[in-house]
file input.cif (mmCIF, C-alpha atoms)
data_my_file
loop_
_atom_site.label_atom_id
_atom_site.label_comp_id
_atom_site.auth_asym_id
_atom_site.auth_seq_id
_atom_site.Cartn_x
_atom_site.Cartn_y
_atom_site.Cartn_z
CA MET A 1 0.00 0.00 0.00
CA ASN A 2 2.80 2.40 0.86
CA ALA A 3 4.48 1.63 -2.46
CA ILE A 4 1.26 2.48 -4.36
CA VAL A 5 0.85 5.76 -2.47
CA GLY A 6 4.51 6.63 -3.07
CA THR A 7 4.19 5.89 -6.78
CA ALA A 8 1.05 8.02 -7.04
CA LYS A 9 2.71 10.94 -5.25
CA ARG A 10 5.77 10.69 -7.48
CA ALA A 11 3.56 10.63 -10.60
CA LEU A 12 1.66 13.72 -9.42
CA ARG A 13 4.90 15.57 -8.74
CA ARG A 14 6.21 14.66 -12.18
CA PHE A 15 2.98 15.82 -13.79
CA ALA A 16 3.04 19.15 -11.90
CA SER A 17 6.65 19.72 -12.91
CA SER A 18 5.72 19.07 -16.57
CA LEU A 19 3.06 21.80 -16.72
CA PRO A 20 5.55 24.68 -17.16
CA ALA A 21 7.18 22.74 -20.00
CA LEU A 22 3.79 22.28 -21.70
CA PHE A 23 3.09 25.98 -21.33
CA GLY A 24 6.48 26.82 -22.84
CA VAL A 25 5.82 24.50 -25.79
CA VAL A 26 2.46 26.16 -26.45
CA VAL A 27 3.91 29.69 -26.34
CA PHE A 28 6.97 28.80 -28.42
CA THR A 29 4.90 27.09 -31.11
CA PHE A 30 2.46 30.00 -31.24
CA LEU A 31 5.25 32.56 -31.70
CA LEU A 32 7.12 30.35 -34.19
CA MET A 33 4.08 30.02 -36.44
CA ARG A 34 3.75 33.83 -36.50
CA VAL A 35 7.32 34.43 -37.67
CA LEU A 36 7.37 31.79 -40.41
CA PRO A 37 7.26 33.19 -43.97
CA GLY A 38 3.92 33.22 -45.71
CA ASP A 39 0.57 34.81 -44.96
CA PRO A 40 -2.26 32.30 -44.37
CA ALA A 41 -4.81 34.96 -45.22
CA VAL A 42 -3.32 35.29 -48.72
CA PHE A 43 -3.21 31.51 -49.13
CA PHE A 44 -6.87 31.05 -48.28
CA ALA A 45 -8.04 34.14 -50.17
CA SER A 46 -7.92 32.52 -53.61
CA GLY A 47 -4.16 32.94 -54.03
CA PRO A 48 -1.87 35.95 -54.47
CA ASN A 49 -4.28 37.69 -56.90
CA ALA A 50 -6.95 38.15 -54.24
CA GLY A 51 -8.09 41.66 -53.39
CA GLU A 52 -6.99 43.54 -50.31
CA GLU A 53 -10.53 43.60 -48.91
CA GLU A 54 -10.85 39.82 -49.14
CA ILE A 55 -7.46 39.32 -47.49
CA ALA A 56 -8.31 41.79 -44.72
CA MET A 57 -11.62 40.03 -44.09
CA ILE A 58 -9.92 36.65 -43.76
CA ARG A 59 -7.25 38.10 -41.50
CA LYS A 60 -10.02 39.45 -39.27
CA GLU A 61 -11.79 36.08 -39.22
CA MET A 62 -8.54 34.37 -38.23
CA GLY A 63 -7.77 37.02 -35.61
CA LEU A 64 -4.51 37.96 -37.31
CA ASP A 65 -5.37 41.67 -37.28
CA LYS A 66 -4.89 41.77 -33.49
CA PRO A 67 -1.52 42.33 -31.76
CA ILE A 68 0.55 39.19 -31.10
CA ALA A 69 0.11 39.47 -27.33
CA GLU A 70 -3.67 39.66 -27.65
CA GLN A 71 -3.68 36.72 -30.06
CA LEU A 72 -1.64 34.69 -27.57
CA VAL A 73 -3.96 35.49 -24.66
CA ARG A 74 -7.01 34.54 -26.74
CA TYR A 75 -5.33 31.33 -27.86
CA LEU A 76 -4.46 30.32 -24.28
CA GLY A 77 -8.05 31.03 -23.27
CA ASP A 78 -9.33 28.84 -26.10
CA ILE A 79 -7.02 26.00 -25.03
CA GLY A 80 -8.32 26.29 -21.48
CA SER A 81 -11.87 25.82 -22.77
CA GLY A 82 -10.90 22.87 -24.96
CA ASN A 83 -11.03 24.79 -28.23
CA LEU A 84 -7.99 24.25 -30.46
CA GLY A 85 -9.38 26.31 -33.30
CA ARG A 86 -10.65 25.35 -36.73
CA SER A 87 -8.62 24.07 -39.63
CA LEU A 88 -9.05 26.20 -42.73
CA THR A 89 -7.77 23.30 -44.84
CA THR A 90 -10.41 20.75 -43.80
CA GLY A 91 -13.05 23.14 -42.46
CA GLN A 92 -13.35 21.03 -39.30
CA PRO A 93 -12.44 21.78 -35.68
CA VAL A 94 -8.82 20.84 -35.03
CA LEU A 95 -9.81 18.74 -32.01
CA ALA A 96 -12.18 16.66 -34.16
CA ASP A 97 -9.50 16.17 -36.83
CA LEU A 98 -6.94 15.06 -34.26
CA LYS A 99 -9.40 12.65 -32.63
CA SER A 100 -10.22 11.05 -35.97
CA ARG A 101 -6.57 10.71 -37.05
CA LEU A 102 -4.81 9.91 -33.76
CA PRO A 103 -5.92 6.23 -33.63
CA ALA A 104 -4.27 5.63 -37.02
CA SER A 105 -0.96 7.03 -35.78
CA LEU A 106 -1.19 5.19 -32.45
CA GLU A 107 -1.99 1.86 -34.11
CA LEU A 108 0.97 2.24 -36.45
CA THR A 109 3.34 3.35 -33.67
CA PHE A 110 2.31 0.64 -31.20
CA THR A 111 2.72 -2.06 -33.84
CA ALA A 112 6.11 -0.72 -34.92
CA LEU A 113 7.34 -0.52 -31.32
CA PHE A 114 6.14 -4.07 -30.66
CA ILE A 115 8.04 -5.35 -33.71
CA ALA A 116 11.12 -3.34 -32.71
CA LEU A 117 11.15 -4.74 -29.16
CA LEU A 118 10.66 -8.31 -30.40
CA THR A 119 13.68 -7.80 -32.64
CA ALA A 120 15.95 -5.57 -30.56
CA VAL A 121 15.84 -7.35 -27.20
CA PRO A 122 16.94 -10.78 -28.55
CA LEU A 123 19.61 -9.08 -30.68
CA GLY A 124 20.95 -7.12 -27.70
CA VAL A 125 20.92 -10.16 -25.40
CA THR A 126 22.65 -12.34 -28.01
CA ALA A 127 25.34 -9.72 -28.60
CA ALA A 128 25.92 -9.29 -24.86
CA LEU A 129 26.31 -13.03 -24.30
CA ARG A 130 29.08 -13.13 -26.93
CA PRO A 131 30.88 -9.77 -26.75
CA ASN A 132 33.36 -8.93 -29.51
CA SER A 133 32.40 -12.07 -31.41
CA VAL A 134 31.17 -12.40 -34.98
CA VAL A 135 27.57 -12.32 -33.70
CA ASP A 136 28.26 -9.12 -31.77
CA ASN A 137 29.80 -7.47 -34.82
CA ILE A 138 26.84 -8.50 -36.99
CA VAL A 139 24.41 -6.98 -34.48
CA ARG A 140 26.44 -3.76 -34.41
CA PHE A 141 26.39 -3.63 -38.21
CA ILE A 142 22.62 -4.11 -38.29
CA CYS A 143 22.18 -1.33 -35.73
CA SER A 144 24.41 1.03 -37.68
CA LEU A 145 22.59 0.24 -40.91
CA GLY A 146 19.22 0.90 -39.30
CA VAL A 147 20.33 4.35 -38.11
CA CYS A 148 21.99 5.34 -41.39
CA VAL A 149 19.08 4.50 -43.72
CA PRO A 150 16.29 7.15 -43.57
CA THR A 151 12.75 5.91 -43.01
CA PHE A 152 11.45 7.09 -46.37
CA VAL A 153 14.28 5.22 -48.16
CA SER A 154 13.65 1.97 -46.28
CA GLY A 155 9.91 2.41 -46.87
CA LEU A 156 10.36 2.83 -50.61
CA LEU A 157 12.72 -0.16 -50.72
CA LEU A 158 10.20 -2.33 -48.89
CA ILE A 159 7.43 -1.22 -51.26
CA TYR A 160 9.63 -1.97 -54.26
CA ALA A 161 10.61 -5.41 -52.96
CA PHE A 162 7.40 -6.73 -51.42
CA TYR A 163 4.77 -4.91 -53.51
CA TYR A 164 6.33 -4.32 -56.93
CA LEU A 165 8.71 -7.29 -57.29
CA LEU A 166 7.19 -10.04 -55.16
CA GLY A 167 3.56 -8.93 -55.04
CA TRP A 168 3.18 -10.05 -51.42
CA ALA A 169 2.10 -6.71 -49.97
CA PRO A 170 -1.08 -4.78 -50.83
CA ASP A 171 -1.19 -1.31 -52.37
CA PRO A 172 0.46 1.22 -50.01
CA THR A 173 -2.66 3.40 -50.03
CA GLY A 174 -3.73 3.85 -46.44
CA ARG A 175 -5.19 1.70 -43.68
CA VAL A 176 -7.54 -0.38 -45.86
CA ASP A 177 -7.54 -1.16 -49.55
CA ILE A 178 -10.18 0.17 -51.92
CA PHE A 179 -12.06 -3.15 -51.93
CA SER A 180 -12.52 -3.34 -48.14
CA SER A 181 -15.09 -1.48 -46.08
CA THR A 182 -14.22 0.03 -42.71
CA PRO A 183 -15.79 -1.46 -39.57
CA PRO A 184 -18.13 0.44 -37.22
CA GLN A 185 -15.89 2.88 -35.36
CA ILE A 186 -15.54 1.87 -31.72
CA THR A 187 -11.95 2.61 -30.77
CA GLY A 188 -10.54 3.90 -34.06
CA PHE A 189 -8.01 1.05 -34.08
CA LEU A 190 -8.97 -0.98 -37.13
CA LEU A 191 -7.56 -4.26 -35.85
CA ILE A 192 -9.61 -3.95 -32.66
CA ASP A 193 -12.76 -2.71 -34.42
CA PHE A 194 -12.63 -5.48 -37.04
CA ALA A 195 -12.15 -8.06 -34.28
CA VAL A 196 -15.08 -6.70 -32.25
CA ALA A 197 -17.26 -6.72 -35.37
CA GLY A 198 -16.20 -10.30 -36.11
CA ASP A 199 -15.02 -9.36 -39.59
CA TRP A 200 -11.84 -11.44 -39.77
CA GLU A 201 -11.43 -10.98 -43.50
CA GLY A 202 -11.34 -7.22 -42.97
CA TRP A 203 -8.99 -7.76 -40.01
CA ARG A 204 -6.52 -9.65 -42.22
CA ALA A 205 -6.76 -6.94 -44.88
CA ALA A 206 -6.06 -4.20 -42.31
CA ALA A 207 -3.17 -6.21 -40.85
CA ARG A 208 -1.61 -6.64 -44.30
CA GLN A 209 -1.83 -2.88 -44.87
CA LEU A 210 -0.16 -2.29 -41.50
CA VAL A 211 2.84 -4.60 -41.91
CA LEU A 212 5.05 -2.58 -44.27
CA PRO A 213 4.68 0.87 -42.63
CA ALA A 214 5.12 -0.65 -39.17
CA LEU A 215 8.20 -2.56 -40.33
CA THR A 216 9.61 0.64 -41.84
CA MET A 217 9.28 2.47 -38.53
CA ALA A 218 10.57 -0.50 -36.55
CA LEU A 219 13.77 -0.71 -38.60
CA PHE A 220 14.67 2.84 -37.59
CA VAL A 221 14.28 2.29 -33.82
CA VAL A 222 15.72 -1.22 -33.54
CA ALA A 223 19.23 0.24 -33.30
CA PRO A 224 18.87 2.31 -30.09
CA LEU A 225 16.81 -0.41 -28.39
CA ALA A 226 19.32 -3.15 -29.29
CA ARG A 227 22.27 -1.02 -28.19
CA ILE A 228 20.78 -0.16 -24.80
CA THR A 229 19.79 -3.81 -24.30
CA ARG A 230 23.33 -4.95 -25.08
CA ALA A 231 24.91 -2.37 -22.76
CA SER A 232 22.46 -3.15 -19.93
CA MET A 233 22.98 -6.90 -20.31
CA LEU A 234 26.77 -6.49 -20.22
CA ALA A 235 26.48 -4.45 -17.03
CA ALA A 236 24.10 -6.98 -15.47
CA LEU A 237 26.23 -9.99 -16.44
CA GLY A 238 29.25 -8.38 -14.78
CA SER A 239 27.44 -7.51 -11.55
CA ASP A 240 27.98 -9.13 -8.14
CA PHE A 241 24.60 -10.88 -7.94
CA VAL A 242 25.21 -12.66 -11.27
CA ARG A 243 28.64 -13.82 -10.13
CA THR A 244 27.05 -15.04 -6.91
CA ALA A 245 24.40 -16.94 -8.86
CA ARG A 246 27.10 -18.57 -10.97
CA SER A 247 29.07 -19.59 -7.88
CA LEU A 248 25.94 -21.25 -6.49
CA GLY A 249 25.75 -23.44 -9.57
CA LEU A 250 22.52 -22.09 -11.04
CA SER A 251 21.78 -22.91 -14.65
CA LYS A 252 22.91 -20.48 -17.34
CA LEU A 253 19.35 -20.02 -18.62
CA LYS A 254 18.08 -19.07 -15.17
CA ILE A 255 20.95 -16.65 -14.61
CA VAL A 256 20.42 -14.94 -17.96
CA VAL A 257 16.60 -14.73 -17.87
CA ILE A 258 15.80 -14.34 -14.16
CA TYR A 259 18.76 -12.34 -12.88
CA ALA A 260 20.47 -10.54 -15.78
CA LEU A 261 17.65 -9.85 -18.24
CA ARG A 262 15.16 -8.76 -15.58
CA ASN A 263 17.54 -6.06 -14.35
CA ALA A 264 18.72 -5.14 -17.85
CA LEU A 265 15.17 -4.42 -19.04
CA LEU A 266 14.76 -1.44 -16.69
CA PRO A 267 16.82 0.97 -18.84
CA VAL A 268 15.18 -0.53 -21.95
CA LEU A 269 11.79 0.37 -20.50
CA THR A 270 12.86 3.99 -20.14
CA ILE A 271 14.28 4.17 -23.65
CA ALA A 272 11.16 2.49 -25.08
CA GLY A 273 9.01 5.29 -23.68
CA ILE A 274 11.21 7.95 -25.23
CA VAL A 275 11.35 6.05 -28.53
CA PHE A 276 7.56 5.73 -28.61
CA SER A 277 7.05 9.47 -28.19
CA THR A 278 9.67 10.17 -30.85
CA MET A 279 8.11 7.71 -33.28
CA LEU A 280 4.64 9.18 -32.86
CA GLY A 281 5.77 12.67 -33.77
CA ALA A 282 8.44 11.79 -36.34
CA ASN A 283 6.57 9.23 -38.47
CA VAL A 284 5.43 11.87 -40.96
CA LEU A 285 7.65 10.46 -43.72
CA VAL A 286 6.25 6.97 -43.21
CA GLU A 287 2.70 8.30 -43.26
CA LYS A 288 3.38 10.18 -46.49
CA VAL A 289 5.07 7.24 -48.22
CA PHE A 290 2.24 4.84 -47.34
CA SER A 291 -0.62 7.41 -47.55
CA TRP A 292 -1.37 6.74 -43.89
CA PRO A 293 -4.04 9.13 -42.53
CA GLY A 294 -2.31 9.99 -39.25
CA VAL A 295 -1.82 13.17 -37.27
CA ALA A 296 1.75 13.75 -38.49
CA SER A 297 0.78 13.94 -42.18
CA TYR A 298 -2.19 16.10 -41.17
CA ALA A 299 0.13 18.57 -39.43
CA LEU A 300 2.53 18.61 -42.38
CA ASP A 301 -0.26 19.41 -44.84
CA ALA A 302 -1.41 22.21 -42.55
CA LEU A 303 2.14 23.57 -42.24
CA LEU A 304 2.55 23.68 -46.02
CA SER A 305 -0.75 25.58 -46.22
CA SER A 306 0.23 28.04 -43.45
CA ASP A 307 -2.75 26.77 -41.46
CA TYR A 308 -1.78 27.71 -37.92
CA ALA A 309 -4.37 25.95 -35.78
CA PRO A 310 -3.70 22.31 -36.82
CA VAL A 311 0.07 22.70 -36.39
CA GLN A 312 -0.33 24.25 -32.94
CA GLY A 313 -2.81 21.55 -31.96
CA PHE A 314 -0.48 18.82 -33.19
CA VAL A 315 2.49 20.14 -31.20
CA LEU A 316 0.36 20.45 -28.07
CA LEU A 317 -0.89 16.88 -28.57
CA MET A 318 2.64 15.52 -28.99
CA ALA A 319 3.87 17.36 -25.90
CA SER A 320 0.94 16.03 -23.86
CA ILE A 321 1.53 12.47 -25.05
CA PHE A 322 5.23 12.81 -24.20
CA VAL A 323 4.31 13.81 -20.63
CA ILE A 324 1.80 10.96 -20.30
CA VAL A 325 4.29 8.41 -21.63
CA ASN A 326 6.96 9.63 -19.21
CA LEU A 327 4.53 9.33 -16.30
CA THR A 328 3.55 5.83 -17.39
CA VAL A 329 7.18 4.77 -17.68
CA ASP A 330 7.86 6.25 -14.24
CA VAL A 331 5.02 4.22 -12.71
CA LEU A 332 6.10 1.02 -14.49
CA TYR A 333 9.69 1.62 -13.40
CA GLY A 334 8.55 1.86 -9.79
CA ILE A 335 6.63 -1.41 -10.16
CA ALA A 336 9.54 -3.20 -11.83
CA ASP A 337 12.09 -1.89 -9.32
CA PRO A 338 10.55 -1.31 -5.86
CA ARG A 339 13.71 0.49 -4.75
CA VAL A 340 12.57 3.49 -6.81
CA SER A 341 9.44 3.84 -4.65
CA ILE A 342 11.46 4.07 -1.43
CA GLU A 343 11.93 7.72 -0.45
#
call {"tool": "encode", "arguments": {"input": "input.cif", "output": "structure tokens"}}
result
Amino acid sequence: MNAIVGTAKRALRRFASSLPALFGVVVFTFLLMRVLPGDPAVFFASGPNAGEEEIAMIRKEMGLDKPIAEQLVRYLGDIGSGNLGRSLTTGQPVLADLKSRLPASLELTFTALFIALLTAVPLGVTAALRPNSVVDNIVRFICSLGVCVPTFVSGLLLIYAFYYLLGWAPDPTGRVDIFSSTPPQITGFLLIDFAVAGDWEGWRAAARQLVLPALTMALFVVAPLARITRASMLAALGSDFVRTARSLGLSKLKIVVIYALRNALLPVLTIAGIVFSTMLGANVLVEKVFSWPGVASYALDALLSSDYAPVQGFVLLMASIFVIVNLTVDVLYGIADPRVSIE
């Protein structure tokens, strides 16, 4: 009970300390959008040949005719009331657009992180068990290759190999192909919604669409996860409790899995949280290559159109998710290692 109370207090303190950072992100993004080149009023007023009256009217509708300080105060007030503005590109409230697109990005990111962990942890453990061997060098080469190849390049290569040459993958045109119908929206996660609806043919179609973009994202984050796993395993294998376990005659499998790997996964858990937040905000290239209707591609389209509200809403969403993920990792860390909960 004391451990639960201590974890809750620590999470609340971490959340309170994150609020100034969220406020700074909001203010910085607001000011940055105002100094970027381009006038959104001109863009949405039928192009550069629009009349001055039409441009002035649109600037008034967008609130751009007010001083920057007044615009900022009004924007902070709107955020406090849950209003993130309206996208001039889609004509919909930004909050509604983000809600409709966030499940697509989360489903892609969760799947990619799951694939990356399934790949990186065994690679890191294998390399740590045989340091400076051929296996270790191969793992290092794979990690270096994953970091050096950009995500859009690996995505295009996967499309060329598995869609164009082999014909194993479906058209890279979004979450479902043109011949499949979407399930009734319950969670927004197609795999879950198809399963709840009992449409297993649609589930398989959605899973096939998900494989290549998720694999593309996973390839980019396997390297840091494998490296931290290898380093943590090396440190754990050289620790006193592992040497004691060996001297007691315990089996190698038990030493590696129960003693070394359990302690080595704690830093991996922390890095996985950071990697997840990074993937969610930086998967714009993957979403563009595979025509994936996520929040990152939505924000990029808005940025190219000088549409302020969606970009500001996207940055606020990413900052909030980063805080939530850090809090979750902190709680899980306290559960995995009770020593963290002792004050």
call {"tool": "resolve_selection", "arguments": {"input": "input.cif", "expression": "the PyMOL selection byres ((chain A and resi 90) around 12)", "output": "list in words"}}
result
Phe44, Gly85, Arg86, Ser87, Leu88, Thr89, Gly91, Gln92, Pro93, Val94, Leu95, Ala96, Asp97, Leu98, Tyr298, Ala299, Asp301, Ala302, Ser305, Asp307, Ala309 and Pro310 of chain A
call {"tool": "write_last_selection", "arguments": {"input": "input.cif", "atoms": "C-alpha atoms", "output": "tab-separated table (two decimals), keeping the file's coordinate frame"}}
result
chain	number	residue	atom	x	y	z
A	44	PHE	CA	-6.87	31.05	-48.28
A	85	GLY	CA	-9.38	26.31	-33.30
A	86	ARG	CA	-10.65	25.35	-36.73
A	87	SER	CA	-8.62	24.07	-39.63
A	88	LEU	CA	-9.05	26.20	-42.73
A	89	THR	CA	-7.77	23.30	-44.84
A	91	GLY	CA	-13.05	23.14	-42.46
A	92	GLN	CA	-13.35	21.03	-39.30
A	93	PRO	CA	-12.44	21.78	-35.68
A	94	VAL	CA	-8.82	20.84	-35.03
A	95	LEU	CA	-9.81	18.74	-32.01
A	96	ALA	CA	-12.18	16.66	-34.16
A	97	ASP	CA	-9.50	16.17	-36.83
A	98	LEU	CA	-6.94	15.06	-34.26
A	298	TYR	CA	-2.19	16.10	-41.17
A	299	ALA	CA	0.13	18.57	-39.43
A	301	ASP	CA	-0.26	19.41	-44.84
A	302	ALA	CA	-1.41	22.21	-42.55
A	305	SER	CA	-0.75	25.58	-46.22
A	307	ASP	CA	-2.75	26.77	-41.46
A	309	ALA	CA	-4.37	25.95	-35.78
A	310	PRO	CA	-3.70	22.31	-36.82
call {"tool": "resolve_selection", "arguments": {"input": "input.cif", "expression": "the PyMOL selection byres ((chain A and resi 194-208) around 9)", "output": "PyMOL selection string"}}
result
chain A and resi 169-170+175-177+180-184+186+189-193+209-212
call {"tool": "closest_residue", "arguments": {"input": "input.cif", "among": "A:Val125, A:Val325, A:Val242, A:Val139", "to": "A:Thr229", "atoms": "all atoms listed in the file"}}
result
A:Val125
call {"tool": "atom_distance", "arguments": {"input": "input.cif", "atom1": "atom CA of A:Leu266", "atom2": "atom CA of A:Leu19"}}
result
26.0 Å
call {"tool": "resolve_selection", "arguments": {"input": "input.cif", "expression": "the PyMOL selection byres ((chain A and resi 151) around 12)", "output": "number ranges by chain"}}
result
A: 145-150, 152-158, 212-221, 279, 282-290
call {"tool": "closest_residue", "arguments": {"input": "input.cif", "among": "A:Pro67, A:Gly188, A:Gly249, A:Gly80", "to": "A:Val26", "atoms": "all atoms listed in the file"}}
result
A:Gly80
call {"tool": "closest_residue", "arguments": {"input": "input.cif", "among": "A:Leu303, A:Ile58, A:Val256, A:Val323", "to": "A:Met233", "atoms": "all atoms listed in the file"}}
result
A:Val256
call {"tool": "atom_distance", "arguments": {"input": "input.cif", "atom1": "atom CA of A:Leu265", "atom2": "atom CA of A:Leu327"}}
result
17.6 Å
call {"tool": "atom_distance", "arguments": {"input": "input.cif", "atom1": "atom CA of A:Leu12", "atom2": "atom CA of A:Leu269"}}
result
20.1 Å
call {"tool": "closest_residue", "arguments": {"input": "input.cif", "among": "A:Val222, A:Ile159, A:Val331, A:Leu102", "to": "A:Ser297", "atoms": "all atoms listed in the file"}}
result
A:Leu102
call {"tool": "residues_around", "arguments": {"input": "input.cif", "residues": "A:Phe28", "least_positions_apart": "6", "cutoff": "12 Å", "atoms": "only C-alpha atoms", "output": "MDAnalysis selection string"}}
result
chainID A and resid 21:22 34:35 72 312 315:316
call {"tool": "closest_residue", "arguments": {"input": "input.cif", "among": "A:Thr119, A:Met33, A:Val27, A:Leu234", "to": "A:Cys143", "atoms": "all atoms listed in the file"}}
result
A:Thr119
call {"tool": "closest_residue", "arguments": {"input": "input.cif", "among": "A:Thr111, A:Thr270, A:Ser291, A:Asn326", "to": "A:Leu225", "atoms": "all atoms listed in the file"}}
result
A:Thr270
